[in-house]
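Here is the structure we will look at, set down as structure tokens.
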Amino acid sequence: MEPVRTCVGCRARAPRSALLRVVSIDSILVPDERATMSGRGAWVHETPACVDTALRRRAFVRALRVSGPLDAQTLENRLNGYGNKVNGSK
């Protein structure tokens, strides 16, 4: 039986493997691909709609228990495909 987590964007429950764990490092939202980074994590569907909803509702701030604004550029780049290896790129 696989653990179930709740998406901070749409608030739907889903298996852990269907969600992306996000942590905050120095007020920057960082995707935790392997779900092994230390600290609090927030779980979100890997879709622009869920991430946008979570950012608009300030759900990451509440879930991660941080104060102040969070920089979501790294997370948005991950969703848009930047930084991913593409057929032989280094």
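As shown in the structure tokens, the chain order sets the letters A, B, ...; within each chain, residues go from 1, and ligands are also counted from 1 in the order they appear.
Residues within 12 Å of Arg78 of chain A, counting only C-alpha atoms and excluding same-chain residues fewer than 3 positions away, are Leu20, Val22, Leu29, Val30, Pro31, Asp32, Glu33, Glu46, Thr47, Pro48, Val51, Ala72, Gln73, Thr74, Leu75, Gly81, Tyr82, Gly83, Asn84 and Lys85 of chain A.
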Residue subset to file, keeping N, CA and C atoms, as a tab-separated table (two decimals), in the first residue's frame:
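Okay, out_21.tsv is ready:
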```
chain	number	residue	atom	x	y	z
A	20	LEU	N	4.70	15.84	-6.59
A	20	LEU	CA	6.07	16.33	-6.50
A	20	LEU	C	6.26	16.98	-5.14
A	22	VAL	N	8.09	19.53	-2.68
A	22	VAL	CA	8.76	20.82	-2.81
A	22	VAL	C	9.23	21.24	-1.42
A	29	LEU	N	11.78	27.99	-3.58
A	29	LEU	CA	11.09	26.70	-3.71
A	29	LEU	C	11.90	25.80	-4.62
A	30	VAL	N	12.28	24.65	-4.09
A	30	VAL	CA	13.12	23.71	-4.83
A	30	VAL	C	12.38	22.37	-4.94
A	31	PRO	N	12.25	21.85	-6.17
A	31	PRO	CA	11.64	20.52	-6.32
A	31	PRO	C	12.54	19.44	-5.73
A	32	ASP	N	11.96	18.56	-4.96
A	32	ASP	CA	12.70	17.45	-4.34
A	32	ASP	C	12.31	16.17	-5.07
A	33	GLU	N	12.99	15.90	-6.18
A	33	GLU	CA	12.66	14.78	-7.06
A	33	GLU	C	12.59	13.45	-6.34
A	46	GLU	N	2.27	17.91	-10.44
A	46	GLU	CA	3.26	18.50	-11.31
A	46	GLU	C	2.59	19.14	-12.54
A	47	THR	N	1.59	19.98	-12.28
A	47	THR	CA	0.88	20.68	-13.34
A	47	THR	C	0.92	22.18	-13.07
A	48	PRO	N	0.97	23.00	-14.12
A	48	PRO	CA	0.96	24.45	-13.91
A	48	PRO	C	-0.27	24.93	-13.15
A	51	VAL	N	0.25	24.27	-9.33
A	51	VAL	CA	1.32	25.13	-8.80
A	51	VAL	C	0.85	26.58	-8.75
A	72	ALA	N	9.62	31.30	-6.62
A	72	ALA	CA	9.15	30.09	-7.28
A	72	ALA	C	9.76	29.88	-8.65
A	73	GLN	N	10.76	30.65	-9.01
A	73	GLN	CA	11.34	30.57	-10.35
A	73	GLN	C	11.91	29.18	-10.64
A	74	THR	N	12.61	28.59	-9.71
A	74	THR	CA	13.19	27.26	-9.91
A	74	THR	C	12.10	26.22	-10.15
A	75	LEU	N	11.04	26.30	-9.39
A	75	LEU	CA	9.92	25.36	-9.54
A	75	LEU	C	9.23	25.57	-10.89
A	81	GLY	N	10.09	22.66	-18.19
A	81	GLY	CA	11.02	21.79	-18.87
A	81	GLY	C	12.44	22.31	-18.95
A	82	TYR	N	12.74	23.50	-18.41
A	82	TYR	CA	14.09	24.01	-18.43
A	82	TYR	C	14.93	23.20	-17.47
A	83	GLY	N	16.16	22.93	-17.85
A	83	GLY	CA	17.06	22.21	-16.97
A	83	GLY	C	16.97	20.70	-17.12
A	84	ASN	N	16.01	20.22	-17.87
A	84	ASN	CA	15.91	18.78	-18.10
A	84	ASN	C	16.83	18.41	-19.25
A	85	LYS	N	17.43	17.26	-19.17
A	85	LYS	CA	18.29	16.80	-20.26
A	85	LYS	C	17.43	16.39	-21.44
```
List the spatial neighbours of segment 1-18 of chain A as a PDB file with N, CA and C atoms, in the first residue's frame - criterion: any atom at most 6 Å away, only C-alpha atoms, same-chain residues fewer than 5 positions off excluded.
```pdb
ATOM      1  N   TRP A  43       3.550  18.927  -0.922  1.00  0.00           N
ATOM      2  CA  TRP A  43       3.315  18.052  -2.064  1.00  0.00           C
ATOM      3  C   TRP A  43       2.344  18.728  -3.026  1.00  0.00           C
ATOM      4  N   VAL A  44       2.651  18.652  -4.321  1.00  0.00           N
ATOM      5  CA  VAL A  44       1.819  19.309  -5.325  1.00  0.00           C
ATOM      6  C   VAL A  44       1.829  18.469  -6.599  1.00  0.00           C
ATOM      7  N   CYS A  50      -2.061  23.428 -10.705  1.00  0.00           N
ATOM      8  CA  CYS A  50      -1.941  23.204  -9.262  1.00  0.00           C
ATOM      9  C   CYS A  50      -0.869  24.109  -8.648  1.00  0.00           C
ATOM     10  N   VAL A  51       0.252  24.273  -9.327  1.00  0.00           N
ATOM     11  CA  VAL A  51       1.317  25.127  -8.804  1.00  0.00           C
ATOM     12  C   VAL A  51       0.851  26.578  -8.751  1.00  0.00           C
ATOM     13  N   THR A  53      -2.224  27.692  -8.497  1.00  0.00           N
ATOM     14  CA  THR A  53      -3.220  27.802  -7.425  1.00  0.00           C
ATOM     15  C   THR A  53      -2.539  27.857  -6.062  1.00  0.00           C
ATOM     16  N   ALA A  54      -1.551  27.007  -5.861  1.00  0.00           N
ATOM     17  CA  ALA A  54      -0.840  26.991  -4.580  1.00  0.00           C
ATOM     18  C   ALA A  54      -0.101  28.304  -4.344  1.00  0.00           C
ATOM     19  N   ALA A  59      -0.235  28.760  -0.365  1.00  0.00           N
ATOM     20  CA  ALA A  59      -0.282  27.448   0.285  1.00  0.00           C
ATOM     21  C   ALA A  59       1.114  26.933   0.613  1.00  0.00           C
TER      22      ALA A  59
END
```
Review point. Which one of A:Glu76, A:Arg21, A:Arg65, A:Met37 sits closest to Ala49 of chain A if you count only C-alpha atoms?
Key: A:Glu76
**Study point:** Residues flagged alpha helix (DSSP H) by DSSP in chain A, as number ranges by chain
**Key:** A: 48-56, 59-64, 73-80
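In this model, the gap between atom CA of Asn80 of chain A and atom CA of Ile25 of chain A comes to 20.5 Å.
With only C-alpha atoms as the basis for measurement, A:Val23 is the residue among A:Val61, A:Leu79, A:Val23, A:Leu55 that approaches Thr36 of chain A most closely.
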